[in-house]
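What follows is start_16.pdb (PDB, C-alpha atoms and all ligand atoms).
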ATOM      1  CA  MET A   7     -24.046 -31.772  12.862
ATOM      2  CA  GLY A   8     -24.749 -29.150  15.509
ATOM      3  CA  ILE A   9     -22.301 -28.660  18.375
ATOM      4  CA  LEU A  10     -23.876 -28.819  21.823
ATOM      5  CA  ASN A  11     -21.242 -27.926  24.383
ATOM      6  CA  VAL A  12     -22.226 -28.798  27.917
ATOM      7  CA  THR A  13     -19.129 -27.192  29.392
ATOM      8  CA  PRO A  14     -18.632 -24.074  31.503
ATOM      9  CA  ASP A  15     -15.543 -23.097  29.444
ATOM     10  CA  SER A  16     -16.833 -23.448  25.898
ATOM     11  CA  PHE A  17     -14.407 -21.616  23.636
ATOM     12  CA  SER A  18     -16.884 -19.741  21.508
ATOM     13  CA  ASP A  19     -19.963 -19.029  23.607
ATOM     14  CA  GLY A  20     -18.356 -17.870  26.840
ATOM     15  CA  GLY A  21     -19.941 -20.721  28.798
ATOM     16  CA  ARG A  22     -23.474 -19.389  28.504
ATOM     17  CA  TYR A  23     -24.692 -22.863  27.547
ATOM     18  CA  SER A  24     -22.992 -24.823  30.287
ATOM     19  CA  ALA A  25     -26.107 -25.435  32.358
ATOM     20  CA  PHE A  26     -28.505 -28.207  31.446
ATOM     21  CA  ASP A  27     -31.358 -25.761  30.787
ATOM     22  CA  ASP A  28     -29.242 -23.682  28.447
ATOM     23  CA  ALA A  29     -28.088 -26.784  26.592
ATOM     24  CA  MET A  30     -31.728 -27.737  26.113
ATOM     25  CA  ARG A  31     -32.657 -24.299  24.783
ATOM     26  CA  ARG A  32     -29.768 -24.423  22.340
ATOM     27  CA  ALA A  33     -30.719 -27.947  21.239
ATOM     28  CA  GLU A  34     -34.311 -26.819  20.604
ATOM     29  CA  GLN A  35     -33.046 -23.941  18.478
ATOM     30  CA  MET A  36     -30.801 -26.289  16.468
ATOM     31  CA  LEU A  37     -33.762 -28.599  15.862
ATOM     32  CA  ALA A  38     -35.868 -25.647  14.668
ATOM     33  CA  ASP A  39     -32.961 -24.643  12.401
ATOM     34  CA  GLY A  40     -32.859 -28.056  10.715
ATOM     35  CA  VAL A  41     -29.967 -29.866  12.390
ATOM     36  CA  ASP A  42     -29.470 -33.520  11.347
ATOM     37  CA  ILE A  43     -27.247 -34.730  14.201
ATOM     38  CA  ILE A  44     -26.574 -33.186  17.629
ATOM     39  CA  ASP A  45     -23.008 -33.644  18.935
ATOM     40  CA  ILE A  46     -22.985 -33.485  22.736
ATOM     41  CA  GLY A  47     -19.685 -32.680  24.446
ATOM     42  CA  GLY A  48     -18.861 -32.411  28.156
ATOM     43  CA  GLU A  49     -15.131 -31.704  27.825
ATOM     44  CA  SER A  50     -13.646 -28.989  25.651
ATOM     45  CA  THR A  51     -10.832 -30.359  23.474
ATOM     46  CA  ARG A  52      -9.750 -27.110  21.870
ATOM     47  CA  PRO A  53      -5.994 -26.469  22.092
ATOM     48  CA  GLY A  54      -4.852 -26.037  25.687
ATOM     49  CA  ALA A  55      -8.205 -26.805  27.297
ATOM     50  CA  PRO A  56      -7.954 -28.620  30.643
ATOM     51  CA  PRO A  57      -9.195 -32.228  30.950
ATOM     52  CA  VAL A  58     -12.466 -32.896  32.800
ATOM     53  CA  ALA A  59     -12.911 -35.581  35.458
ATOM     54  CA  LEU A  60     -14.924 -38.646  34.424
ATOM     55  CA  ASP A  61     -17.749 -37.997  36.917
ATOM     56  CA  ASP A  62     -18.103 -34.360  35.858
ATOM     57  CA  GLU A  63     -18.260 -35.337  32.187
ATOM     58  CA  LEU A  64     -20.895 -38.001  32.919
ATOM     59  CA  GLN A  65     -22.991 -35.560  34.960
ATOM     60  CA  ARG A  66     -22.931 -33.047  32.118
ATOM     61  CA  VAL A  67     -23.569 -35.378  29.199
ATOM     62  CA  ILE A  68     -25.865 -38.198  30.338
ATOM     63  CA  PRO A  69     -28.927 -36.101  31.370
ATOM     64  CA  VAL A  70     -28.714 -34.257  28.043
ATOM     65  CA  ILE A  71     -28.729 -37.550  26.108
ATOM     66  CA  GLU A  72     -31.635 -38.910  28.153
ATOM     67  CA  THR A  73     -33.698 -35.773  27.558
ATOM     68  CA  LEU A  74     -32.864 -35.339  23.872
ATOM     69  CA  LYS A  75     -33.806 -38.956  23.072
ATOM     70  CA  ALA A  76     -37.404 -37.704  22.908
ATOM     71  CA  ALA A  77     -36.487 -35.373  20.014
ATOM     72  CA  HIS A  78     -35.768 -38.379  17.761
ATOM     73  CA  VAL A  79     -32.706 -36.731  16.243
ATOM     74  CA  PRO A  80     -29.508 -38.755  15.957
ATOM     75  CA  LEU A  81     -27.315 -38.069  19.000
ATOM     76  CA  SER A  82     -23.533 -38.038  18.852
ATOM     77  CA  VAL A  83     -21.300 -37.865  21.918
ATOM     78  CA  ASP A  84     -17.919 -36.141  21.681
ATOM     79  CA  THR A  85     -15.744 -38.120  24.088
ATOM     80  CA  TYR A  86     -12.555 -40.174  24.178
ATOM     81  CA  LYS A  87     -13.239 -41.792  27.562
ATOM     82  CA  PRO A  88     -14.421 -45.414  27.300
ATOM     83  CA  GLU A  89     -16.536 -45.062  30.454
ATOM     84  CA  VAL A  90     -18.360 -42.036  29.043
ATOM     85  CA  MET A  91     -18.882 -43.948  25.770
ATOM     86  CA  ARG A  92     -20.365 -46.909  27.677
ATOM     87  CA  HIS A  93     -22.815 -44.797  29.709
ATOM     88  CA  ALA A  94     -23.685 -42.632  26.698
ATOM     89  CA  LEU A  95     -24.557 -45.683  24.597
ATOM     90  CA  ALA A  96     -26.621 -47.138  27.441
ATOM     91  CA  ALA A  97     -28.485 -43.797  27.618
ATOM     92  CA  GLY A  98     -29.255 -44.025  23.885
ATOM     93  CA  ALA A  99     -26.441 -42.241  22.027
ATOM     94  CA  ASP A 100     -26.290 -43.178  18.336
ATOM     95  CA  LEU A 101     -22.747 -42.160  17.454
ATOM     96  CA  ILE A 102     -19.434 -41.811  19.298
ATOM     97  CA  ASN A 103     -17.224 -38.959  18.082
ATOM     98  CA  ASP A 104     -13.700 -39.591  19.381
ATOM     99  CA  ILE A 105     -10.954 -37.004  18.811
ATOM    100  CA  TRP A 106      -8.465 -39.699  19.936
ATOM    101  CA  GLY A 107      -9.665 -42.081  17.204
ATOM    102  CA  PHE A 108     -10.492 -44.882  19.693
ATOM    103  CA  ARG A 109      -6.890 -45.095  20.906
ATOM    104  CA  MET A 110      -7.696 -45.002  24.634
ATOM    105  CA  PRO A 111      -7.428 -48.474  26.199
ATOM    106  CA  GLY A 112     -10.891 -50.042  26.271
ATOM    107  CA  ALA A 113     -12.498 -47.672  23.749
ATOM    108  CA  ILE A 114     -12.705 -50.271  20.972
ATOM    109  CA  ASP A 115     -14.214 -52.843  23.350
ATOM    110  CA  VAL A 116     -17.029 -50.426  24.215
ATOM    111  CA  VAL A 117     -18.021 -49.621  20.624
ATOM    112  CA  ARG A 118     -17.653 -53.196  19.324
ATOM    113  CA  ALA A 119     -20.261 -54.284  21.896
ATOM    114  CA  SER A 120     -22.765 -51.805  20.399
ATOM    115  CA  GLU A 121     -24.136 -50.947  16.962
ATOM    116  CA  CYS A 122     -23.342 -47.236  17.224
ATOM    117  CA  GLY A 123     -21.774 -45.116  14.520
ATOM    118  CA  LEU A 124     -18.189 -43.939  14.984
ATOM    119  CA  CYS A 125     -16.229 -40.853  14.016
ATOM    120  CA  VAL A 126     -12.510 -41.607  13.921
ATOM    121  CA  MET A 127     -10.505 -38.368  14.042
ATOM    122  CA  HIS A 128      -6.838 -37.673  13.376
ATOM    123  CA  MET A 129      -4.919 -35.753  16.032
ATOM    124  CA  LEU A 130      -1.144 -35.256  16.283
ATOM    125  CA  GLY A 131      -0.133 -35.024  19.932
ATOM    126  CA  GLU A 132      -2.713 -34.265  22.617
ATOM    127  CA  PRO A 133      -5.044 -31.302  23.227
ATOM    128  CA  GLN A 134      -2.943 -29.687  25.984
ATOM    129  CA  THR A 135       0.190 -29.389  23.846
ATOM    130  CA  MET A 136      -0.685 -30.149  20.190
ATOM    131  CA  GLN A 137      -0.411 -26.512  19.072
ATOM    132  CA  VAL A 138       2.732 -25.769  21.091
ATOM    133  CA  GLY A 139       5.641 -25.397  18.676
ATOM    134  CA  GLU A 140       5.171 -26.218  15.007
ATOM    135  CA  PRO A 141       3.464 -29.504  14.140
ATOM    136  CA  ASN A 142       5.623 -31.431  11.667
ATOM    137  CA  TYR A 143       4.695 -33.640   8.734
ATOM    138  CA  MET A 144       6.539 -34.843   5.638
ATOM    139  CA  ASP A 145       3.207 -34.996   3.803
ATOM    140  CA  VAL A 146       0.247 -34.036   5.974
ATOM    141  CA  VAL A 147      -2.459 -35.433   3.667
ATOM    142  CA  ARG A 148      -0.753 -38.818   3.290
ATOM    143  CA  GLU A 149       0.090 -39.071   6.996
ATOM    144  CA  VAL A 150      -3.478 -38.246   8.057
ATOM    145  CA  ARG A 151      -4.862 -40.821   5.599
ATOM    146  CA  GLU A 152      -2.412 -43.508   6.736
ATOM    147  CA  PHE A 153      -3.274 -42.861  10.382
ATOM    148  CA  LEU A 154      -6.994 -43.147   9.622
ATOM    149  CA  GLU A 155      -6.319 -46.337   7.612
ATOM    150  CA  ARG A 156      -4.567 -47.919  10.596
ATOM    151  CA  ARG A 157      -7.327 -46.900  13.011
ATOM    152  CA  CYS A 158     -10.104 -48.196  10.732
ATOM    153  CA  ALA A 159      -8.216 -51.462  10.146
ATOM    154  CA  GLU A 160      -7.871 -52.007  13.900
ATOM    155  CA  LEU A 161     -11.550 -51.231  14.502
ATOM    156  CA  GLU A 162     -12.660 -53.547  11.690
ATOM    157  CA  ALA A 163     -10.351 -56.338  12.894
ATOM    158  CA  ALA A 164     -12.086 -56.010  16.283
ATOM    159  CA  GLY A 165     -15.473 -56.523  14.631
ATOM    160  CA  VAL A 166     -16.721 -52.983  13.926
ATOM    161  CA  ALA A 167     -18.456 -52.999  10.528
ATOM    162  CA  LYS A 168     -17.005 -50.619   7.916
ATOM    163  CA  ALA A 169     -20.460 -49.119   7.369
ATOM    164  CA  ARG A 170     -20.487 -47.785  10.952
ATOM    165  CA  ILE A 171     -17.348 -45.665  10.537
ATOM    166  CA  SER A 172     -16.795 -42.059   9.462
ATOM    167  CA  VAL A 173     -13.381 -40.371   9.352
ATOM    168  CA  ASP A 174     -12.213 -36.826  10.159
ATOM    169  CA  PRO A 175      -8.855 -35.167   9.374
ATOM    170  CA  GLY A 176      -9.076 -33.202  12.645
ATOM    171  CA  PHE A 177      -8.762 -29.546  11.661
ATOM    172  CA  GLY A 178      -6.809 -27.652  14.338
ATOM    173  CA  PHE A 179      -5.589 -30.803  16.101
ATOM    174  CA  GLY A 180      -1.791 -30.681  15.724
ATOM    175  CA  LYS A 181      -1.852 -28.856  12.371
ATOM    176  CA  SER A 182      -0.204 -25.558  11.423
ATOM    177  CA  VAL A 183      -2.929 -22.919  11.381
ATOM    178  CA  ILE A 184      -2.743 -22.143   7.652
ATOM    179  CA  GLU A 185      -0.467 -24.588   5.810
ATOM    180  CA  HIS A 186      -1.594 -27.961   7.176
ATOM    181  CA  ASN A 187      -5.280 -27.142   7.716
ATOM    182  CA  TYR A 188      -5.789 -25.684   4.231
ATOM    183  CA  ALA A 189      -3.800 -28.475   2.561
ATOM    184  CA  LEU A 190      -6.195 -30.931   4.238
ATOM    185  CA  LEU A 191      -9.245 -28.941   3.135
ATOM    186  CA  ALA A 192      -7.966 -28.559  -0.434
ATOM    187  CA  GLN A 193      -7.296 -32.315  -0.666
ATOM    188  CA  LEU A 194     -10.162 -33.504   1.516
ATOM    189  CA  PRO A 195     -11.017 -36.618  -0.563
ATOM    190  CA  GLU A 196      -7.380 -37.772  -0.333
ATOM    191  CA  THR A 197      -7.467 -37.658   3.487
ATOM    192  CA  ALA A 198      -9.912 -40.581   3.620
ATOM    193  CA  PRO A 199      -8.822 -44.218   3.294
ATOM    194  CA  VAL A 200      -9.795 -46.070   0.104
ATOM    195  CA  THR A 201     -10.055 -49.789  -0.626
ATOM    196  CA  PRO A 202      -7.521 -51.500  -2.957
ATOM    197  CA  HIS A 203     -10.140 -50.967  -5.687
ATOM    198  CA  GLY A 204     -10.148 -47.222  -5.119
ATOM    199  CA  VAL A 205     -13.574 -47.162  -3.489
ATOM    200  CA  ALA A 206     -14.026 -44.598  -0.691
ATOM    201  CA  PRO A 207     -16.027 -46.469   1.923
ATOM    202  CA  TYR A 208     -15.974 -43.933   4.756
ATOM    203  CA  PRO A 209     -18.026 -40.736   4.930
ATOM    204  CA  VAL A 210     -15.843 -37.745   5.841
ATOM    205  CA  LEU A 211     -16.783 -35.547   8.802
ATOM    206  CA  VAL A 212     -15.203 -32.095   9.166
ATOM    207  CA  GLY A 213     -15.129 -29.529  11.946
ATOM    208  CA  MET A 214     -13.804 -26.064  11.137
ATOM    209  CA  SER A 215     -16.503 -23.962  12.799
ATOM    210  CA  ARG A 216     -15.084 -20.801  14.430
ATOM    211  CA  LYS A 217     -11.581 -22.303  14.582
ATOM    212  CA  SER A 218      -8.291 -20.400  14.513
ATOM    213  CA  MET A 219      -7.697 -21.526  10.885
ATOM    214  CA  LEU A 220     -10.528 -19.071  10.095
ATOM    215  CA  GLY A 221      -9.605 -16.494  12.731
ATOM    216  CA  ALA A 222      -6.086 -16.251  11.283
ATOM    217  CA  LEU A 223      -7.601 -15.074   7.997
ATOM    218  CA  VAL A 224     -10.485 -12.847   9.086
ATOM    219  CA  LYS A 225      -8.823 -11.538  12.259
ATOM    220  CA  ARG A 226     -11.970 -11.768  14.369
ATOM    221  CA  PRO A 227     -12.676 -13.423  17.728
ATOM    222  CA  ALA A 228     -14.453 -16.822  17.685
ATOM    223  CA  PRO A 229     -18.054 -15.545  18.052
ATOM    224  CA  GLU A 230     -17.539 -13.313  14.971
ATOM    225  CA  ARG A 231     -16.318 -16.089  12.677
ATOM    226  CA  ILE A 232     -19.781 -17.186  11.529
ATOM    227  CA  THR A 233     -19.472 -15.989   7.935
ATOM    228  CA  ALA A 234     -16.009 -17.548   7.654
ATOM    229  CA  SER A 235     -17.380 -20.786   9.148
ATOM    230  CA  VAL A 236     -20.222 -20.912   6.634
ATOM    231  CA  ALA A 237     -17.759 -20.370   3.785
ATOM    232  CA  ALA A 238     -15.607 -23.217   5.122
ATOM    233  CA  ALA A 239     -18.690 -25.456   5.340
ATOM    234  CA  VAL A 240     -19.573 -24.816   1.688
ATOM    235  CA  CYS A 241     -15.958 -25.505   0.663
ATOM    236  CA  ALA A 242     -16.021 -28.787   2.591
ATOM    237  CA  ALA A 243     -19.339 -29.809   1.025
ATOM    238  CA  GLN A 244     -17.913 -29.125  -2.434
ATOM    239  CA  LYS A 245     -14.908 -31.282  -1.511
ATOM    240  CA  GLY A 246     -17.219 -34.164  -0.637
ATOM    241  CA  ALA A 247     -17.650 -33.893   3.137
ATOM    242  CA  ALA A 248     -20.673 -35.887   4.297
ATOM    243  CA  ILE A 249     -21.057 -34.434   7.796
ATOM    244  CA  ILE A 250     -20.195 -30.853   8.794
ATOM    245  CA  ARG A 251     -19.838 -30.092  12.507
ATOM    246  CA  VAL A 252     -20.937 -26.492  13.216
ATOM    247  CA  HIS A 253     -21.976 -24.060  15.939
ATOM    248  CA  ASP A 254     -24.222 -22.000  13.660
ATOM    249  CA  VAL A 255     -26.820 -24.347  12.226
ATOM    250  CA  ALA A 256     -29.254 -21.868  10.636
ATOM    251  CA  PRO A 257     -26.815 -20.027   8.326
ATOM    252  CA  THR A 258     -25.044 -23.279   7.439
ATOM    253  CA  VAL A 259     -28.310 -24.981   6.467
ATOM    254  CA  ASP A 260     -29.211 -21.999   4.249
ATOM    255  CA  ALA A 261     -25.805 -21.960   2.582
ATOM    256  CA  LEU A 262     -25.855 -25.705   1.947
ATOM    257  CA  LYS A 263     -29.286 -25.410   0.301
ATOM    258  CA  VAL A 264     -27.719 -23.108  -2.287
ATOM    259  CA  TRP A 265     -24.686 -25.395  -2.725
ATOM    260  CA  ARG A 266     -26.963 -28.453  -3.083
ATOM    261  CA  ALA A 267     -29.131 -26.755  -5.728
ATOM    262  CA  MET A 268     -26.000 -26.109  -7.750
ATOM    263  CA  ARG A 269     -24.806 -29.694  -7.309
ATOM    264  CA  ASP A 270     -28.160 -31.133  -8.360
ATOM    265  CA  ALA A 271     -28.776 -28.732 -11.248
ATOM    266  CA  VAL A 272     -29.375 -30.119 -14.692
ATOM    267  CA  ARG A 273     -28.545 -28.192 -17.841
ATOM    268  CA  ALA A 274     -31.627 -26.110 -18.705
TER     269      ALA A 274
HETATM  270  C1  LIG B   1     -13.520 -31.804  15.079
HETATM  271  C2  LIG B   1     -13.727 -31.410  16.442
HETATM  272  C3  LIG B   1     -14.377 -32.350  17.292
HETATM  273  N1  LIG B   1     -13.308 -30.218  16.939
HETATM  274  C4  LIG B   1     -14.572 -33.855  15.503
HETATM  275  N2  LIG B   1     -14.794 -33.557  16.797
HETATM  276  C5  LIG B   1     -13.502 -29.936  18.245
HETATM  277  N3  LIG B   1     -14.987 -35.062  15.023
HETATM  278  C6  LIG B   1     -14.152 -30.861  19.074
HETATM  279  C7  LIG B   1      -8.909 -23.816  16.994
HETATM  280  O1  LIG B   1      -7.917 -23.962  16.274
HETATM  281  O2  LIG B   1     -12.909 -31.002  14.217
HETATM  282  N4  LIG B   1     -13.941 -32.999  14.649
HETATM  283  N5  LIG B   1     -14.577 -32.033  18.599
HETATM  284  C8  LIG B   1     -13.025 -28.607  18.791
HETATM  285  N6  LIG B   1     -11.600 -28.510  18.750
HETATM  286  C9  LIG B   1     -10.914 -27.349  18.398
HETATM  287  C10 LIG B   1      -9.683 -27.457  17.749
HETATM  288  C11 LIG B   1     -11.471 -26.101  18.614
HETATM  289  C12 LIG B   1      -9.026 -26.300  17.316
HETATM  290  C13 LIG B   1     -10.821 -24.938  18.204
HETATM  291  C14 LIG B   1      -9.599 -25.034  17.519
HETATM  292  O3  LIG B   1      -9.405 -22.713  17.252
END
Represent the structure of the file as structure tokens.
Amino acid sequence: MGILNVTPDSFSDGGRYSAFDDAMRRAEQMLADGVDIIDIGGESTRPGAPPVALDDELQRVIPVIETLKAAHVPLSVDTYKPEVMRHALAAGADLINDIWGFRMPGAIDVVRASECGLCVMHMLGEPQTMQVGEPNYMDVVREVREFLERRCAELEAAGVAKARISVDPGFGFGKSVIEHNYALLAQLPETAPVTPHGVAPYPVLVGMSRKSMLGALVKRPAPERITASVAAAVCAAQKGAAIIRVHDVAPTVDALKVWRAMRDAVRA
């Protein structure tokens, strides 16, 4: 999944891709690099980022969806606002990626009336304040899984088919930079809900690209965390992640080709 920020304050590209034309150029490059899903976002949700007004978010995101429909690549929209979800789906979005896990009033009603895919993410607190002070858990892996279980149960009770849902532990969203994030990565399969029969019905989506959980280790600013991001992507793939949300599509696709060859190898 390639990240397409349509925001003037994007945390890792200095806002160079805020304009529609720049978003299109970046989308074309991602397509050439072998992206499978494009995730379009009109509001930055990194820690401390300011909220964006509904009309501004719509003006950023909708024209990009309408134009990229012609590329016939699955389109995801990164939003928690039910009104943005509704317009995005009407414009042809295939998947709604909600960092709030469809907790905003009206969000479930929008997606139940469609056949779109969903990404249900765990977040403790809210973007403005989630990294202020130390996030606290008794058992981060269990608490993330139980949250995702409750969200999926509510969505399914409202009529959203299980097969439409993916889940995301929400790296960097109310997690301590090292301890919580790396516990979640190390135990990635245990962050996803399972049925009473132990079947894992939900694909896991992860987003670690250029985040501070990498910066804290390699001590580099966000644009220089590409190698660390690729390493994190390979780790996540090995831990069973189905969808990996990244800024840097080309190096990630290369790295995952190597990982996949190993996975698929037969004893020679
Ligand atoms: C994510 C994600 C997202 N991350 C999904 N959607 C962001 N499904 C936006 C930092 O610590 O992981 N999953 N949409 C971006 N959010 C952050 C969070 C960016 C933390 C940076 C950090 O640096």
Leaving out segment 238-255 of chain A and any residue of its chain fewer than 4 positions from it, which residues lie within 7 Å of it when counting all atoms listed in the file, given as JSON, numbers by chain?
{"A": [7, 8, 9, 36, 39, 41, 191, 194, 195, 209, 210, 211, 212, 213, 214, 215, 232, 234, 259, 261, 262, 265]}
Nearby polymer residues, ligand LIG 1 (chain B), at most 8 Å, only C-alpha atoms and all ligand atoms, as a ChimeraX atom specification: /A:17,47,50-53,84,103-105,125-127,173-179,183,211-219,221,228,251
Fill in: 12 Å contact set for Val200 of chain A, only C-alpha atoms, chain neighbours under 4 positions out, as a list of chain:residue names
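Non-adjacent residues within range: A:Arg151, A:Glu152, A:Leu154, A:Glu155, A:Arg156, A:Cys158, A:Ala159, A:Lys168, A:Val173, A:Pro195, A:Glu196, A:Gly204, A:Val205, A:Ala206, A:Pro207, A:Tyr208, A:Pro209, A:Val210.
Between atom CA of Pro80 of chain A and atom CA of Val166 of chain A the interatomic distance comes to 19.2 Å.
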For the provided coordinates, the residues matched by the PyMOL selection byres (((chain A and resi 64) around 9) and not hetatm) should be stated as a compact mmCIF listing (two decimals) with C-alpha atoms, in the frame of the given file.
# COMPACT_ATOMS: atom_id res chain seq x y z
CA GLY A 48 -18.86 -32.41 28.16
CA ALA A 59 -12.91 -35.58 35.46
CA LEU A 60 -14.92 -38.65 34.42
CA ASP A 61 -17.75 -38.00 36.92
CA ASP A 62 -18.10 -34.36 35.86
CA GLU A 63 -18.26 -35.34 32.19
CA GLN A 65 -22.99 -35.56 34.96
CA ARG A 66 -22.93 -33.05 32.12
CA VAL A 67 -23.57 -35.38 29.20
CA ILE A 68 -25.86 -38.20 30.34
CA PRO A 69 -28.93 -36.10 31.37
CA GLU A 89 -16.54 -45.06 30.45
CA VAL A 90 -18.36 -42.04 29.04
CA HIS A 93 -22.82 -44.80 29.71
CA ALA A 94 -23.68 -42.63 26.70
*For this file, the PyMOL selection byres (((chain A and resi 87) around 9) and not hetatm) selects which residues, as a ChimeraX atom specification?*
/A:60,85-86,88-92,104,108,110-113
### Task
Go through the shown structure with the PyMOL selection byres (((chain A and resi 79) around 12) and not hetatm) and write out the matching residues as a list of chain:residue names.
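On the file shown, the PyMOL selection byres (((chain A and resi 79) around 12) and not hetatm) covers A:Met7, A:Gly8, A:Ala33, A:Glu34, A:Met36, A:Leu37, A:Ala38, A:Gly40, A:Val41, A:Asp42, A:Ile43, A:Ile44, A:Asp45, A:Ile71, A:Thr73, A:Leu74, A:Lys75, A:Ala76, A:Ala77, A:His78, A:Pro80, A:Leu81, A:Ser82, A:Gly98, A:Ala99, A:Asp100, A:Leu101.
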ask   = atom CA of Thr135 of chain A to atom CA of Leu223 of chain A: how many Å, to one decimal?
value =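 If I compute the distance from atom CA of Thr135 of chain A to atom CA of Leu223 of chain A, I get 22.7 Å.
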Students should find that atom CA of Pro133 of chain A and atom CA of Arg226 of chain A are spaced 22.5 Å
